[in-house]
Amino acid sequence: MKKIVLKSPLDMHLHLRDNEMLEVVAPLSAKSFAGAIIMPNLVPPITSIKDLIEYKERITSAVGSEKFEPLMTLFFKSDYNYNFLKDAKRYIKAIKLYPSGITTNSEDGVSSMDMEDLGETFEAMSELEIPLCVHGESDGFVMDREAEFCLIYEKFASKFPKLKIIMEHITTKKSVELLKKYENLYATITLHHLYITLDDVAGGMLNPHLFCKPIAKRPEDKEALLEVALSGNEKVMFGSDSAPHPQYQKECCGCAGVFTAPIALQALVQLFEKYNSLENLEKFISINAQKIYAFKPIEKDIVLVKRNFLVPSSYGDVVPMFANEELEWDIEY
Ligand code: DOR
Ligand code: ZN
């Protein structure tokens, strides 16, 4: 049977939630990955070192005996000053900026009025070498939000050339082009945006399980994402944006988020194999992230074997992407 060994796969954008949901999803990420950047959009968001340490402890305890490193982030606030950030640096890998109200639990984010007035915090982050992760969407028309935010990315990138800026979960050709224009811009790409377009979400029967922010875009956008990911380009890395919501909330209320953590590696290997790009997979799922974030992950080999894997209909009460479908690769535990 064909096998592939993935060295220390990393998920550079992950939602683990808290309480019962954390107990369900944390072990699933830990089975596939050596580490993950943990998003801070809890209710209330993680904005203090104390809350961050306690959240990390809850994650570690939910993970159990599996080797897995939670790479913590703070929820961006414009009043973080240099001294606070200097202390925080020991505990965090990055700070995540959300425009206010743009996605799940982002109400405490930055308003569009304040978006261009963040200089002091950005200067401190540049000096302390703390990367800035950004949910890059404006409050405009849903299909144009990411493209409109490119103007803000350009301002951030040119005014703060020493700040590492990570354009999270990019979905458009325009973002891929922008990424290449500024040395200090990097990006994460999700699994679902490499697989789907808006047609899969709303072109036939509405599929709430594929509804997410930013919404999946046009075929040419997906092509641009595939091209940059499959080529192993050093500026992009895998970030699942795996975002679990209970099934009833997805189906009754349309919460945004695709749950991919337990099926992501299997589906990524399938995709890279399909496009004859397996030689670049390790860059996309580990090496590029190590360079961008300047860190060494824990050593952990994940073995994938080429045999059919029937994706479960749910994990707890969360429906994964590809539920009840077969993938061509499975993880050998
Ligand atoms: O679809 C999304 N879900 N996008 C986000 O940015 C947040 C996430 C969530 O936390 O549910
Ligand atoms: Zn996210």
# chains A, B, ... in the order shown; residues from 1 in each chain; ligands from 1
call {"tool": "residues_near_ligand", "arguments": {"ligand": "ligand 1", "cutoff": "6 Å", "atoms": "only C-alpha atoms and all ligand atoms", "output": "PyMOL selection string"}}
result
chain A and resi 103-104+212-213+243+256-257
call {"tool": "write_last_selection", "arguments": {"atoms": "all heavy atoms", "output": "CSV table (one decimal), in the first residue's frame"}}
result
chain,number,residue,atom,x,y,z
A,103,THR,N,-17.3,38.4,11.7
A,103,THR,CA,-17.4,37.0,11.8
A,103,THR,C,-17.8,36.5,13.2
A,103,THR,O,-18.0,37.3,14.1
A,103,THR,CB,-16.1,36.3,11.2
A,103,THR,OG1,-16.4,34.9,11.0
A,103,THR,CG2,-14.9,36.5,12.1
A,104,THR,N,-17.8,35.2,13.4
A,104,THR,CA,-18.1,34.6,14.7
A,104,THR,C,-17.4,35.3,15.9
A,104,THR,O,-16.1,35.3,15.8
A,104,THR,CB,-17.8,33.1,14.7
A,104,THR,OG1,-18.3,32.5,13.5
A,104,THR,CG2,-18.4,32.4,15.9
A,212,CYS,N,-19.0,29.7,5.2
A,212,CYS,CA,-18.0,30.2,6.1
A,212,CYS,C,-17.6,31.6,5.7
A,212,CYS,O,-18.1,32.1,4.7
A,212,CYS,CB,-16.7,29.3,6.0
A,212,CYS,SG,-16.0,29.4,4.3
A,213,LYS,N,-16.8,32.3,6.5
A,213,LYS,CA,-16.3,33.6,6.3
A,213,LYS,C,-14.8,33.5,6.1
A,213,LYS,O,-14.2,33.0,7.1
A,213,LYS,CB,-16.7,34.6,7.4
A,213,LYS,CG,-18.2,34.6,7.8
A,213,LYS,CD,-18.9,35.6,6.8
A,213,LYS,CE,-20.4,35.7,7.1
A,213,LYS,NZ,-20.7,36.4,8.4
A,243,ALA,N,-13.6,25.3,12.0
A,243,ALA,CA,-14.4,26.1,12.9
A,243,ALA,C,-15.7,25.4,13.3
A,243,ALA,O,-16.7,25.5,12.6
A,243,ALA,CB,-14.7,27.5,12.3
A,256,ALA,N,-21.3,30.6,10.6
A,256,ALA,CA,-20.2,30.5,9.6
A,256,ALA,C,-19.1,29.6,10.1
A,256,ALA,O,-18.6,29.8,11.2
A,256,ALA,CB,-19.7,31.8,9.2
A,257,GLY,N,-18.6,28.7,9.3
A,257,GLY,CA,-17.5,27.8,9.7
A,257,GLY,C,-17.6,26.4,9.1
A,257,GLY,O,-18.6,25.9,9.1
call {"tool": "select_by_dssp", "arguments": {"residues": "range 147-241 of chain A", "states": "alpha helix (DSSP H)", "output": "number ranges by chain"}}
result
A: 147-159, 173-181, 192-195, 198-202, 219-230
call {"tool": "closest_residue", "arguments": {"among": "A:Glu220, A:Cys150, A:Pro244, A:Leu191", "to": "Arg17 in chain A", "atoms": "only C-alpha atoms"}}
result
A:Pro244
call {"tool": "residues_near_ligand", "arguments": {"ligand": "ligand 2", "cutoff": "9 Å", "atoms": "only C-alpha atoms and all ligand atoms", "output": "VMD selection string"}}
result
chain A and resid 13 to 15 39 41 103 to 104 135 168 to 169 213 239 to 243 257
call {"tool": "write_last_selection", "arguments": {"atoms": "all heavy atoms", "output": "compact mmCIF listing (two decimals), in the first residue's frame"}}
result
# COMPACT_ATOMS: atom_id res chain seq x y z
N HIS A 13 -4.08 27.89 11.63
CA HIS A 13 -5.29 28.69 11.93
C HIS A 13 -6.39 27.72 12.35
O HIS A 13 -7.01 27.06 11.52
CB HIS A 13 -5.72 29.47 10.67
CG HIS A 13 -6.91 30.35 10.90
ND1 HIS A 13 -6.95 31.65 10.44
CD2 HIS A 13 -8.09 30.14 11.53
CE1 HIS A 13 -8.12 32.19 10.78
NE2 HIS A 13 -8.82 31.29 11.43
N LEU A 14 -6.62 27.66 13.65
CA LEU A 14 -7.56 26.65 14.16
C LEU A 14 -8.45 27.24 15.26
O LEU A 14 -7.98 27.95 16.14
CB LEU A 14 -6.75 25.48 14.73
CG LEU A 14 -7.54 24.36 15.42
CD1 LEU A 14 -8.45 23.63 14.42
CD2 LEU A 14 -6.59 23.36 16.07
N HIS A 15 -9.73 26.86 15.21
CA HIS A 15 -10.67 27.23 16.28
C HIS A 15 -10.95 25.99 17.11
O HIS A 15 -11.49 25.01 16.59
CB HIS A 15 -11.98 27.75 15.70
CG HIS A 15 -11.80 29.00 14.90
ND1 HIS A 15 -11.85 30.26 15.46
CD2 HIS A 15 -11.49 29.19 13.59
CE1 HIS A 15 -11.62 31.17 14.52
NE2 HIS A 15 -11.40 30.55 13.38
N MET A 39 -6.97 30.15 17.61
CA MET A 39 -7.65 31.44 17.48
C MET A 39 -8.30 31.86 18.80
O MET A 39 -8.80 31.01 19.55
CB MET A 39 -8.69 31.36 16.36
CG MET A 39 -8.04 31.31 15.00
SD MET A 39 -7.12 32.85 14.68
CE MET A 39 -5.71 32.22 13.77
N ASN A 41 -10.98 33.82 19.45
CA ASN A 41 -12.34 34.40 19.42
C ASN A 41 -13.32 33.60 20.27
O ASN A 41 -14.32 33.10 19.79
CB ASN A 41 -12.86 34.59 17.99
CG ASN A 41 -12.96 33.29 17.21
OD1 ASN A 41 -12.20 32.33 17.47
ND2 ASN A 41 -13.87 33.21 16.26
N THR A 103 -17.29 38.40 11.73
CA THR A 103 -17.43 36.95 11.76
C THR A 103 -17.76 36.49 13.17
O THR A 103 -18.00 37.32 14.06
CB THR A 103 -16.13 36.29 11.20
OG1 THR A 103 -16.37 34.88 11.04
CG2 THR A 103 -14.95 36.49 12.13
N THR A 104 -17.76 35.18 13.40
CA THR A 104 -18.13 34.61 14.69
C THR A 104 -17.35 35.27 15.85
O THR A 104 -16.12 35.33 15.82
CB THR A 104 -17.80 33.09 14.69
OG1 THR A 104 -18.32 32.51 13.49
CG2 THR A 104 -18.40 32.40 15.90
N HIS A 135 -8.00 38.89 9.97
CA HIS A 135 -9.19 38.48 9.21
C HIS A 135 -9.49 39.63 8.27
O HIS A 135 -10.06 40.65 8.69
CB HIS A 135 -10.37 38.20 10.15
CG HIS A 135 -11.58 37.72 9.40
ND1 HIS A 135 -12.14 36.48 9.60
CD2 HIS A 135 -12.33 38.30 8.43
CE1 HIS A 135 -13.16 36.30 8.78
NE2 HIS A 135 -13.31 37.42 8.07
N GLU A 168 -5.09 36.01 6.73
CA GLU A 168 -5.67 34.71 7.07
C GLU A 168 -6.70 34.26 6.04
O GLU A 168 -7.40 35.08 5.44
CB GLU A 168 -6.32 34.78 8.46
CG GLU A 168 -5.33 35.01 9.60
CD GLU A 168 -4.36 33.85 9.82
OE1 GLU A 168 -4.68 32.72 9.42
OE2 GLU A 168 -3.27 34.09 10.39
N HIS A 169 -6.74 32.98 5.85
CA HIS A 169 -7.70 32.31 4.96
C HIS A 169 -8.02 33.10 3.70
O HIS A 169 -9.17 33.50 3.48
CB HIS A 169 -8.98 31.92 5.71
CG HIS A 169 -9.52 32.98 6.65
ND1 HIS A 169 -9.76 34.27 6.28
CD2 HIS A 169 -9.85 32.91 7.96
CE1 HIS A 169 -10.23 34.95 7.31
NE2 HIS A 169 -10.29 34.14 8.35
N LYS A 213 -16.85 32.27 6.55
CA LYS A 213 -16.35 33.62 6.28
C LYS A 213 -14.83 33.55 6.15
O LYS A 213 -14.22 32.99 7.07
CB LYS A 213 -16.70 34.56 7.42
CG LYS A 213 -18.18 34.63 7.76
CD LYS A 213 -18.90 35.60 6.83
CE LYS A 213 -20.37 35.71 7.15
NZ LYS A 213 -20.68 36.42 8.38
N GLY A 239 -3.63 26.64 6.90
CA GLY A 239 -4.35 27.03 8.12
C GLY A 239 -5.79 26.59 7.87
O GLY A 239 -6.45 27.13 6.98
N SER A 240 -6.25 25.60 8.60
CA SER A 240 -7.54 24.98 8.24
C SER A 240 -8.72 25.93 8.41
O SER A 240 -9.69 25.85 7.70
CB SER A 240 -7.77 23.72 9.08
OG SER A 240 -8.03 24.09 10.43
N ASP A 241 -8.62 26.84 9.40
CA ASP A 241 -9.79 27.61 9.83
C ASP A 241 -10.94 26.66 10.19
O ASP A 241 -12.12 27.00 10.04
CB ASP A 241 -10.24 28.63 8.78
CG ASP A 241 -11.14 29.70 9.38
OD1 ASP A 241 -11.19 29.80 10.62
OD2 ASP A 241 -11.79 30.42 8.62
N SER A 242 -10.55 25.47 10.62
CA SER A 242 -11.55 24.50 11.06
C SER A 242 -12.34 25.15 12.20
O SER A 242 -11.75 25.55 13.21
CB SER A 242 -10.84 23.23 11.53
OG SER A 242 -11.78 22.30 11.98
N ALA A 243 -13.64 25.29 12.01
CA ALA A 243 -14.44 26.12 12.93
C ALA A 243 -15.73 25.38 13.28
O ALA A 243 -16.74 25.53 12.59
CB ALA A 243 -14.74 27.47 12.28
N GLY A 257 -18.60 28.66 9.31
CA GLY A 257 -17.46 27.84 9.72
C GLY A 257 -17.56 26.44 9.14
O GLY A 257 -18.64 25.85 9.15
call {"tool": "atom_distance", "arguments": {"atom1": "CA of Glu107 in chain A", "atom2": "CA of Leu42 in chain A"}}
result
10.8 Å
call {"tool": "closest_residue", "arguments": {"among": "A:Arg145, A:Lys173, A:Lys77, A:Lys31", "to": "Pro214 in chain A", "atoms": "only C-alpha atoms"}}
result
A:Arg145
